[in-house]
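One file, model.cif, is given below (mmCIF, C-alpha atoms).
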```
data_entry
#
loop_
_atom_site.label_atom_id
_atom_site.label_comp_id
_atom_site.auth_asym_id
_atom_site.auth_seq_id
_atom_site.Cartn_x
_atom_site.Cartn_y
_atom_site.Cartn_z
CA MET A 22 149.02 193.44 45.13
CA GLY A 23 148.27 194.96 48.48
CA SER A 24 145.87 197.82 47.63
CA PRO A 25 142.61 197.57 49.60
CA PHE A 26 141.31 200.46 47.47
CA SER A 27 141.42 198.46 44.24
CA ARG A 28 139.77 195.55 46.02
CA ARG A 29 136.92 197.82 47.06
CA VAL A 30 136.16 198.52 43.41
CA GLU A 31 136.39 194.85 42.44
CA LEU A 32 134.00 193.96 45.27
CA ALA A 33 131.48 196.59 44.13
CA LEU A 34 131.63 195.26 40.56
CA LYS A 35 131.22 191.67 41.74
CA LEU A 36 128.29 192.53 44.02
CA LYS A 37 126.61 194.07 40.99
CA GLY A 38 127.53 191.14 38.77
CA ILE A 39 129.29 193.35 36.23
CA PRO A 40 131.99 191.61 34.18
CA TYR A 41 135.29 193.48 33.98
CA GLU A 42 138.88 193.10 32.91
CA TYR A 43 141.47 193.52 35.68
CA ILE A 44 144.80 195.07 34.76
CA GLU A 45 147.51 194.70 37.40
CA GLU A 46 149.63 197.79 37.92
CA ASP A 47 153.23 197.70 39.17
CA LEU A 48 153.27 200.73 41.45
CA SER A 49 157.06 200.78 41.61
CA ASN A 50 157.10 201.20 37.83
CA LYS A 51 153.89 202.95 36.84
CA SER A 52 152.59 202.26 33.34
CA PRO A 53 151.92 204.99 30.74
CA LEU A 54 148.28 203.83 30.88
CA LEU A 55 147.99 204.73 34.57
CA LEU A 56 149.65 208.10 34.05
CA GLN A 57 147.36 208.79 31.09
CA TYR A 58 144.18 208.00 32.97
CA ASN A 59 145.05 209.31 36.43
CA LEU A 60 147.34 212.21 35.64
CA ILE A 61 146.62 214.02 38.88
CA HIS A 62 147.07 211.36 41.55
CA LYS A 63 148.87 208.65 39.52
CA LYS A 64 147.30 206.04 41.80
CA VAL A 65 145.18 202.93 41.52
CA PRO A 66 142.34 202.18 41.26
CA VAL A 67 141.15 203.60 37.96
CA LEU A 68 137.90 202.37 36.42
CA LEU A 69 137.72 202.66 32.64
CA HIS A 70 134.16 202.68 31.35
CA ASN A 71 133.14 203.72 27.82
CA GLY A 72 136.74 204.85 27.34
CA LYS A 73 136.50 207.32 30.21
CA PRO A 74 138.49 207.04 33.47
CA ILE A 75 137.00 207.37 36.94
CA VAL A 76 139.38 207.60 39.89
CA GLU A 77 139.24 207.50 43.70
CA SER A 78 137.72 204.28 45.03
CA LEU A 79 134.69 205.84 46.73
CA VAL A 80 133.90 208.02 43.73
CA ILE A 81 134.12 204.91 41.55
CA ILE A 82 131.76 202.96 43.79
CA GLU A 83 129.12 205.70 43.71
CA TYR A 84 129.54 205.80 39.91
CA ILE A 85 129.04 202.04 39.69
CA ASP A 86 125.95 202.25 41.90
CA GLU A 87 124.44 205.04 39.80
CA THR A 88 125.26 203.46 36.45
CA TRP A 89 124.05 199.92 37.16
CA LYS A 90 120.91 200.06 39.27
CA GLU A 91 120.49 196.36 40.18
CA ASN A 92 121.79 195.13 43.58
CA PRO A 93 122.12 198.61 45.11
CA ILE A 94 125.23 199.30 47.21
CA LEU A 95 123.90 202.46 48.85
CA PRO A 96 120.48 202.48 50.55
CA GLU A 97 117.63 204.28 48.79
CA ASP A 98 116.56 206.64 51.59
CA PRO A 99 118.51 209.96 51.60
CA TYR A 100 119.07 209.89 55.38
CA GLU A 101 120.40 206.34 55.28
CA ARG A 102 122.58 207.27 52.30
CA ALA A 103 124.00 210.19 54.32
CA THR A 104 124.67 207.85 57.26
CA SER A 105 126.51 205.41 55.00
CA ARG A 106 128.60 208.19 53.53
CA PHE A 107 129.36 209.50 57.01
CA TRP A 108 130.73 206.14 58.21
CA THR A 109 132.65 205.65 55.00
CA LYS A 110 134.38 209.00 55.52
CA PHE A 111 135.01 208.07 59.14
CA ILE A 112 136.74 204.86 58.07
CA ASP A 113 138.73 206.55 55.31
CA GLU A 114 139.79 209.69 57.12
CA LYS A 115 140.10 208.50 60.73
CA CYS A 116 140.37 204.72 61.05
CA MET A 117 142.62 203.65 58.20
CA GLY A 118 145.52 205.94 59.08
CA ALA A 119 145.18 205.28 62.82
CA LEU A 120 145.05 201.50 62.37
CA ARG A 121 147.98 201.53 59.99
CA ASN A 122 150.02 203.70 62.37
CA ALA A 123 149.15 201.48 65.34
CA CYS A 124 150.08 198.28 63.50
CA TRP A 125 153.41 199.65 62.28
CA SER A 126 154.44 201.41 65.48
CA TYR A 127 157.34 200.43 67.72
CA GLY A 128 158.53 201.26 71.17
CA GLU A 129 156.88 203.64 73.55
CA GLU A 130 154.64 205.40 71.03
CA SER A 131 153.09 202.04 70.21
CA GLU A 132 150.77 201.84 73.23
CA LYS A 133 149.50 205.37 72.65
CA LEU A 134 148.71 204.66 69.00
CA MET A 135 147.11 201.34 69.93
CA GLU A 136 144.82 203.13 72.39
CA GLU A 137 143.91 205.71 69.77
CA ALA A 138 143.03 202.97 67.29
CA ARG A 139 140.98 201.11 69.91
CA GLY A 140 138.96 204.27 70.57
CA LEU A 141 137.95 204.39 66.91
CA LEU A 142 137.22 200.65 66.83
CA ARG A 143 134.97 201.13 69.87
CA THR A 144 132.93 203.64 67.84
CA LEU A 145 132.59 201.13 64.99
CA GLU A 146 131.67 198.36 67.44
CA ASN A 147 128.79 200.50 68.70
CA GLU A 148 127.61 201.27 65.19
CA LEU A 149 127.50 197.57 64.28
CA LYS A 150 125.39 196.57 67.29
CA GLY A 151 122.42 194.43 66.25
CA LYS A 152 123.42 194.30 62.59
CA ARG A 153 124.93 191.59 60.41
CA PHE A 154 126.78 194.12 58.28
CA PHE A 155 127.23 197.89 58.43
CA GLY A 156 124.82 197.84 55.47
CA GLY A 157 122.23 195.92 57.53
CA GLU A 158 121.38 192.42 56.29
CA ASP A 159 123.76 192.68 53.34
CA ILE A 160 127.16 194.08 52.47
CA GLY A 161 126.90 197.78 51.64
CA LEU A 162 129.10 200.82 51.02
CA VAL A 163 130.52 200.95 54.57
CA ASP A 164 131.43 197.25 54.57
CA ILE A 165 133.21 197.67 51.24
CA ALA A 166 135.12 200.68 52.57
CA ALA A 167 136.01 198.70 55.70
CA ASN A 168 137.69 195.82 53.81
CA PHE A 169 141.05 197.01 55.18
CA ILE A 170 139.77 196.60 58.74
CA ALA A 171 138.31 193.15 58.07
CA PHE A 172 141.27 191.61 56.29
CA TRP A 173 144.47 193.67 56.13
CA VAL A 174 144.44 194.52 59.84
CA GLY A 175 144.13 190.82 60.68
CA VAL A 176 147.22 190.00 58.64
CA LEU A 177 149.14 192.92 60.14
CA GLN A 178 148.19 191.78 63.65
CA GLU A 179 149.61 188.35 62.92
CA VAL A 180 152.83 189.66 61.39
CA ARG A 181 153.47 192.11 64.22
CA GLY A 182 152.21 189.85 67.01
CA VAL A 183 149.82 192.51 68.28
CA SER A 184 146.17 192.30 69.18
CA LEU A 185 143.68 194.93 68.09
CA ILE A 186 140.38 193.46 66.96
CA ASP A 187 140.21 190.50 69.33
CA LYS A 188 137.16 188.51 70.32
CA ASP A 189 137.05 189.71 73.92
CA THR A 190 137.54 193.44 73.36
CA PHE A 191 135.45 193.83 70.21
CA PRO A 192 133.16 190.80 69.94
CA ILE A 193 130.77 192.38 67.43
CA LEU A 194 133.47 193.78 65.16
CA HIS A 195 135.42 190.53 65.41
CA GLU A 196 132.38 188.52 64.32
CA TRP A 197 131.80 190.96 61.48
CA THR A 198 135.38 190.55 60.18
CA GLU A 199 134.84 186.78 60.06
CA ARG A 200 131.45 187.10 58.40
CA PHE A 201 132.83 189.57 55.85
CA VAL A 202 135.96 187.68 54.81
CA SER A 203 134.10 184.36 54.59
CA SER A 204 131.47 185.78 52.19
CA SER A 205 132.09 184.04 48.86
CA VAL A 206 132.03 187.23 46.77
CA VAL A 207 134.41 189.03 49.17
CA LYS A 208 136.81 186.07 49.08
CA GLU A 209 137.17 186.46 45.32
CA THR A 210 138.40 190.03 45.79
CA LEU A 211 140.96 189.51 48.54
CA PRO A 212 144.66 188.90 47.89
CA PRO A 213 145.92 185.45 49.01
CA ARG A 214 146.47 185.63 52.78
CA ASP A 215 149.86 183.88 52.72
CA LYS A 216 151.18 186.22 50.03
CA LEU A 217 150.09 189.33 51.94
CA LEU A 218 151.66 187.84 55.06
CA SER A 219 155.05 187.37 53.36
CA PHE A 220 154.74 190.81 51.77
CA PHE A 221 154.34 192.48 55.19
CA GLN A 222 156.93 190.16 56.74
CA ALA A 223 159.49 191.30 54.16
CA ARG A 224 158.62 194.92 54.87
CA ILE A 225 159.16 194.43 58.59
CA GLU A 226 162.54 192.83 57.99
CA ALA A 227 163.53 195.71 55.71
CA MET A 228 162.44 198.19 58.40
CA ALA A 229 164.34 196.29 61.09
CA ALA A 230 167.46 196.29 58.90
CA THR A 231 167.20 200.06 58.40
CA LYS A 232 166.76 200.54 62.14
CA SER A 233 169.79 198.48 63.05
CA MET A 234 171.75 200.54 60.53
CA ILE A 235 170.60 203.71 62.26
CA TYR A 236 171.28 202.49 65.78
CA LYS A 237 174.60 200.77 65.10
CA MET B 22 132.19 232.89 62.42
CA GLY B 23 134.96 231.76 60.16
CA SER B 24 133.87 228.24 59.12
CA PRO B 25 133.76 227.84 55.33
CA PHE B 26 132.19 224.40 55.91
CA SER B 27 129.05 225.83 57.50
CA ARG B 28 128.84 228.39 54.70
CA ARG B 29 128.91 225.59 52.15
CA VAL B 30 125.75 224.14 53.67
CA GLU B 31 124.03 227.52 53.82
CA LEU B 32 124.87 228.12 50.16
CA ALA B 33 123.42 224.74 49.17
CA LEU B 34 120.20 225.49 51.07
CA LYS B 35 119.92 228.94 49.52
CA LEU B 36 120.57 227.66 45.99
CA LYS B 37 117.69 225.26 46.55
CA GLY B 38 115.50 227.95 48.06
CA ILE B 39 114.95 225.96 51.27
CA PRO B 40 114.12 228.07 54.35
CA TYR B 41 116.18 227.21 57.44
CA GLU B 42 117.00 228.42 60.90
CA TYR B 43 120.66 229.20 61.54
CA ILE B 44 122.04 228.53 65.02
CA GLU B 45 125.44 230.05 65.71
CA GLU B 46 127.81 227.81 67.63
CA ASP B 47 130.62 229.12 69.85
CA LEU B 48 133.38 226.63 69.09
CA SER B 49 135.41 227.69 72.12
CA ASN B 50 132.46 226.72 74.32
CA LYS B 51 130.54 223.98 72.53
CA SER B 52 126.84 223.72 73.29
CA PRO B 53 125.14 220.55 74.62
CA LEU B 54 123.10 220.63 71.40
CA LEU B 55 126.23 220.28 69.24
CA LEU B 56 127.60 217.47 71.41
CA GLN B 57 124.25 215.71 71.29
CA TYR B 58 123.95 215.86 67.52
CA ASN B 59 127.58 215.39 66.51
CA LEU B 60 128.94 213.18 69.25
CA ILE B 61 131.72 211.75 67.14
CA HIS B 62 133.36 214.81 65.61
CA LYS B 63 131.85 217.58 67.79
CA LYS B 64 132.16 219.95 64.85
CA VAL B 65 129.99 222.26 62.77
CA PRO B 66 128.13 222.10 60.48
CA VAL B 67 125.25 219.93 61.59
CA LEU B 68 122.01 219.92 59.60
CA LEU B 69 118.93 219.00 61.60
CA HIS B 70 116.07 217.78 59.41
CA ASN B 71 112.98 215.98 60.71
CA GLY B 72 114.72 215.84 64.09
CA LYS B 73 117.66 213.88 62.68
CA PRO B 74 121.23 215.22 62.45
CA ILE B 75 123.40 215.00 59.34
CA VAL B 76 127.08 215.93 59.68
CA GLU B 77 130.09 216.57 57.41
CA SER B 78 129.49 219.40 54.94
CA LEU B 79 129.79 217.31 51.76
CA VAL B 80 127.57 214.55 53.13
CA ILE B 81 125.02 217.22 54.05
CA ILE B 82 125.11 218.75 50.56
CA GLU B 83 124.49 215.38 48.87
CA TYR B 84 121.63 214.82 51.36
CA ILE B 85 120.13 218.20 50.48
CA ASP B 86 120.43 217.47 46.77
CA GLU B 87 118.76 214.07 47.14
CA THR B 88 115.99 215.28 49.44
CA TRP B 89 114.93 218.38 47.51
CA LYS B 90 115.12 217.68 43.80
CA GLU B 91 114.59 221.21 42.37
CA ASN B 92 117.66 223.27 41.34
CA PRO B 93 120.07 220.31 41.29
CA ILE B 94 123.55 220.87 42.75
CA LEU B 95 125.13 217.76 41.24
CA PRO B 96 124.78 217.03 37.51
CA GLU B 97 122.42 214.24 36.44
CA ASP B 98 124.84 212.13 34.39
CA PRO B 99 126.78 209.56 36.48
CA TYR B 100 130.12 210.36 34.81
CA GLU B 101 129.69 214.09 35.40
CA ARG B 102 128.64 213.37 38.99
CA ALA B 103 131.82 211.34 39.48
CA THR B 104 133.89 214.17 38.01
CA SER B 105 132.28 216.68 40.40
CA ARG B 106 132.94 214.40 43.37
CA PHE B 107 136.53 213.92 42.24
CA TRP B 108 137.23 217.67 42.16
CA THR B 109 135.44 218.19 45.44
CA LYS B 110 137.69 215.60 47.10
CA PHE B 111 140.71 217.21 45.43
CA ILE B 112 139.78 220.57 46.94
CA ASP B 113 139.02 219.12 50.38
CA GLU B 114 141.93 216.73 50.71
CA LYS B 115 144.67 218.50 48.77
CA CYS B 116 143.98 222.19 48.23
CA MET B 117 142.50 223.42 51.50
CA GLY B 118 145.33 222.22 53.71
CA ALA B 119 148.02 223.31 51.26
CA LEU B 120 146.52 226.78 50.82
CA ARG B 121 146.07 227.22 54.55
CA ASN B 122 149.66 226.12 55.23
CA ALA B 123 150.99 228.41 52.52
CA CYS B 124 149.06 231.43 53.80
CA TRP B 125 150.14 230.89 57.42
CA SER B 126 153.76 230.00 56.75
CA TYR B 127 156.77 232.08 57.72
CA GLY B 128 160.43 232.18 56.88
CA GLU B 129 162.20 229.81 54.59
CA GLU B 130 159.52 227.14 54.44
CA SER B 131 157.12 229.74 53.10
CA GLU B 132 158.36 229.76 49.51
CA LYS B 133 158.25 225.96 49.31
CA LEU B 134 154.67 225.86 50.60
CA MET B 135 153.67 228.68 48.26
CA GLU B 136 155.04 226.73 45.29
CA GLU B 137 153.18 223.61 46.39
CA ALA B 138 149.94 225.56 46.66
CA ARG B 139 150.52 227.15 43.24
CA GLY B 140 150.93 223.70 41.71
CA LEU B 141 147.47 222.72 42.94
CA LEU B 142 145.97 226.02 41.82
CA ARG B 143 147.45 225.41 38.36
CA THR B 144 145.49 222.15 38.21
CA LEU B 145 142.27 223.97 39.13
CA GLU B 146 143.03 226.71 36.59
CA ASN B 147 143.22 224.06 33.85
CA GLU B 148 139.98 222.46 34.99
CA LEU B 149 138.12 225.79 34.82
CA LYS B 150 139.24 226.61 31.26
CA GLY B 151 136.29 227.59 29.07
CA LYS B 152 133.76 227.47 31.92
CA ARG B 153 131.97 230.14 33.93
CA PHE B 154 131.89 227.93 37.03
CA PHE B 155 133.31 224.51 37.90
CA GLY B 156 129.69 223.41 37.60
CA GLY B 157 129.48 224.80 34.02
CA GLU B 158 127.06 227.68 33.47
CA ASP B 159 125.91 227.68 37.10
CA ILE B 160 127.32 227.17 40.59
CA GLY B 161 127.58 223.45 41.41
CA LEU B 162 129.05 221.12 44.02
CA VAL B 163 132.69 221.95 43.22
CA ASP B 164 132.10 225.71 43.39
CA ILE B 165 130.40 225.31 46.77
CA ALA B 166 133.31 223.22 48.06
CA ALA B 167 135.73 225.82 46.71
CA ASN B 168 134.24 228.73 48.69
CA PHE B 169 137.37 228.78 50.86
CA ILE B 170 139.52 229.35 47.76
CA ALA B 171 137.26 232.08 46.42
CA PHE B 172 136.85 234.11 49.59
CA TRP B 173 138.92 233.04 52.60
CA VAL B 174 142.18 232.81 50.64
CA GLY B 175 141.65 236.36 49.35
CA VAL B 176 141.31 237.69 52.90
CA LEU B 177 144.33 235.71 54.08
CA GLN B 178 146.38 237.06 51.18
CA GLU B 179 145.55 240.60 52.21
CA VAL B 180 146.28 240.01 55.90
CA ARG B 181 149.62 238.33 55.23
CA GLY B 182 150.59 240.55 52.29
CA VAL B 183 151.20 237.55 50.04
CA SER B 184 150.02 236.84 46.52
CA LEU B 185 148.64 233.46 45.49
CA ILE B 186 145.64 233.77 43.19
CA ASP B 187 146.63 236.87 41.28
CA LYS B 188 145.33 238.05 37.92
CA ASP B 189 148.56 237.43 36.01
CA THR B 190 149.41 233.95 37.31
CA PHE B 191 145.90 232.50 37.42
CA PRO B 192 143.67 234.69 35.24
CA ILE B 193 140.87 232.12 34.93
CA LEU B 194 140.78 231.22 38.62
CA HIS B 195 141.03 234.88 39.56
CA GLU B 196 138.05 235.75 37.37
CA TRP B 197 136.11 232.83 38.86
CA THR B 198 136.75 234.03 42.45
CA GLU B 199 135.32 237.45 41.47
CA ARG B 200 132.34 235.90 39.70
CA PHE B 201 131.66 233.57 42.62
CA VAL B 202 131.84 236.08 45.46
CA SER B 203 129.79 238.66 43.56
CA SER B 204 126.91 236.22 42.97
CA SER B 205 124.01 237.52 45.06
CA VAL B 206 123.20 234.16 46.68
CA VAL B 207 126.86 233.50 47.55
CA LYS B 208 127.16 236.98 49.09
CA GLU B 209 124.38 236.14 51.54
CA THR B 210 126.39 233.18 52.85
CA LEU B 211 129.79 234.82 53.33
CA PRO B 212 130.94 236.35 56.61
CA PRO B 213 131.48 240.15 56.47
CA ARG B 214 134.89 240.71 54.87
CA ASP B 215 136.06 243.32 57.39
CA LYS B 216 135.21 241.06 60.34
CA LEU B 217 137.09 238.11 58.86
CA LEU B 218 140.01 240.44 58.17
CA SER B 219 140.17 241.59 61.83
CA PHE B 220 139.72 238.00 63.00
CA PHE B 221 142.76 236.83 61.02
CA GLN B 222 144.69 239.99 61.92
CA ALA B 223 144.18 239.25 65.63
CA ARG B 224 145.35 235.70 65.09
CA ILE B 225 148.52 236.86 63.38
CA GLU B 226 149.25 239.25 66.25
CA ALA B 227 148.70 236.46 68.78
CA MET B 228 151.05 234.21 66.79
CA ALA B 229 153.68 236.95 66.59
CA ALA B 230 153.43 237.49 70.37
CA THR B 231 153.95 233.77 71.00
CA LYS B 232 156.92 233.76 68.67
CA SER B 233 158.60 236.68 70.38
CA MET B 234 158.06 234.91 73.71
CA ILE B 235 159.78 231.84 72.32
CA TYR B 236 162.70 233.73 70.81
CA LYS B 237 163.26 236.16 73.67
#
```
Target format structure tokens, applied to this file:
Amino acid sequence: MGSPFSRRVELALKLKGIPYEYIEEDLSNKSPLLLQYNLIHKKVPVLLHNGKPIVESLVIIEYIDETWKENPILPEDPYERATSRFWTKFIDEKCMGALRNACWSYGEESEKLMEEARGLLRTLENELKGKRFFGGEDIGLVDIAANFIAFWVGVLQEVRGVSLIDKDTFPILHEWTERFVSSSVVKETLPPRDKLLSFFQARIEAMAATKSMIYK
Amino acid sequence: MGSPFSRRVELALKLKGIPYEYIEEDLSNKSPLLLQYNLIHKKVPVLLHNGKPIVESLVIIEYIDETWKENPILPEDPYERATSRFWTKFIDEKCMGALRNACWSYGEESEKLMEEARGLLRTLENELKGKRFFGGEDIGLVDIAANFIAFWVGVLQEVRGVSLIDKDTFPILHEWTERFVSSSVVKETLPPRDKLLSFFQARIEAMAATKSMIYK
């Protein structure tokens, strides 16, 4: 339920207005279908089109944008395309891990990881200055890639009682998260907030139980 | 001298026949120019075109391919483009780190890391079956991204006296490395083999010195 990567692909398809069939995958008990179509990584998402599988969320989104030309996700100009791809890589390779680590950290390493994450958020805040979305007036590739930052991080903050993307520290980014998650097409692709909340809550309790076992 | 990422960009430019000026960067003493044009990562390569910087080797290569249409680097068909991007990510995110770790490992962890690297190479070997290059008849995006595997790994093998991509275990991949490095345009973009060899040799000696300081 919790994969932001699958939701990226759904959002791209919805922005394009392409009908699709969604098949839920139980990652604790992977189906033969998943193993058949993503033999190498055995991960979601997989897009099946004309009987052929495409894997890796960003590769899928570029495929979708190249196959169905209406409502473009990437800009037309090569330099702007490069800029979009740069920020997408930045989010994937730098921000997601750092934000996840910061949100799940405990004890004395927590403040260090929080600071690290805030440094990256500062960079994104600067990039968003004067724009409605990373894509400009409309949701584009970078916004889609940043769905984890807009929605998942908010839920994690609430569960852990920490503050990362708050109104005072990152006003522009904070406004963007609200604008993004309240867009009607984005809403359709997000997991129910209360379910994600209980999902993370259960994980925290399981972690706490393991810890008390270790420290007892 | 040793960056395979910069060499990727040079190879893309040469395959396209685009003249360029190469500016060497001393990474131990980064220039104001590098910091100005790649403020976020402060890394090479940076492509300057029309006064604007593009960073991240794979982002640069897609930019080059979209800006100059002749001698395409990516295939035209969206599914084949997706496949090329998939393998490029596989090389960047899985193979390069694993191969580097395997080549630089010592002691008992070495065999484990070697086996891990061989598993990934086996996957590439299968992908290359029946093809001259990953790109088909000609050098394409995946071949460019795999320059580290074709050249740098060979030098590291020699320096460390280990065997990874040998003729018997990976005949197809081995033949591809020879075909790739002997291509005249590739040759122009590779650092001199003897210099890279001494560079790595010096690094190994420095590492050995540190180790003996630790164990003394």
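Listed by chain and then by number, the residues chosen by the PyMOL selection byres ((chain B) within 7 of (chain A)) in this file are Ile75, Val80, Tyr84, Glu87, Thr88, Pro99, Tyr100, Ala103, Arg106 and Phe107 of chain B.
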Explicit residues for the PyMOL selection byres ((chain B and resi 178) around 12) (as a count of residues only): 27
Contact residues around region 207-217 of chain B with only C-alpha atoms at 7 Å, ignoring same-chain residues under 6 positions, as a ChimeraX atom specification: /B:22-23,28,31-32,201
Explicit residue set for the PyMOL selection byres ((chain B and resi 146) around 9), as number ranges by chain: B: 141-145, 147-150, 191-195
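Pairwise distance (CA of Val163 (chain A), CA of Thr109 (chain A)) equals 5.2 Å.
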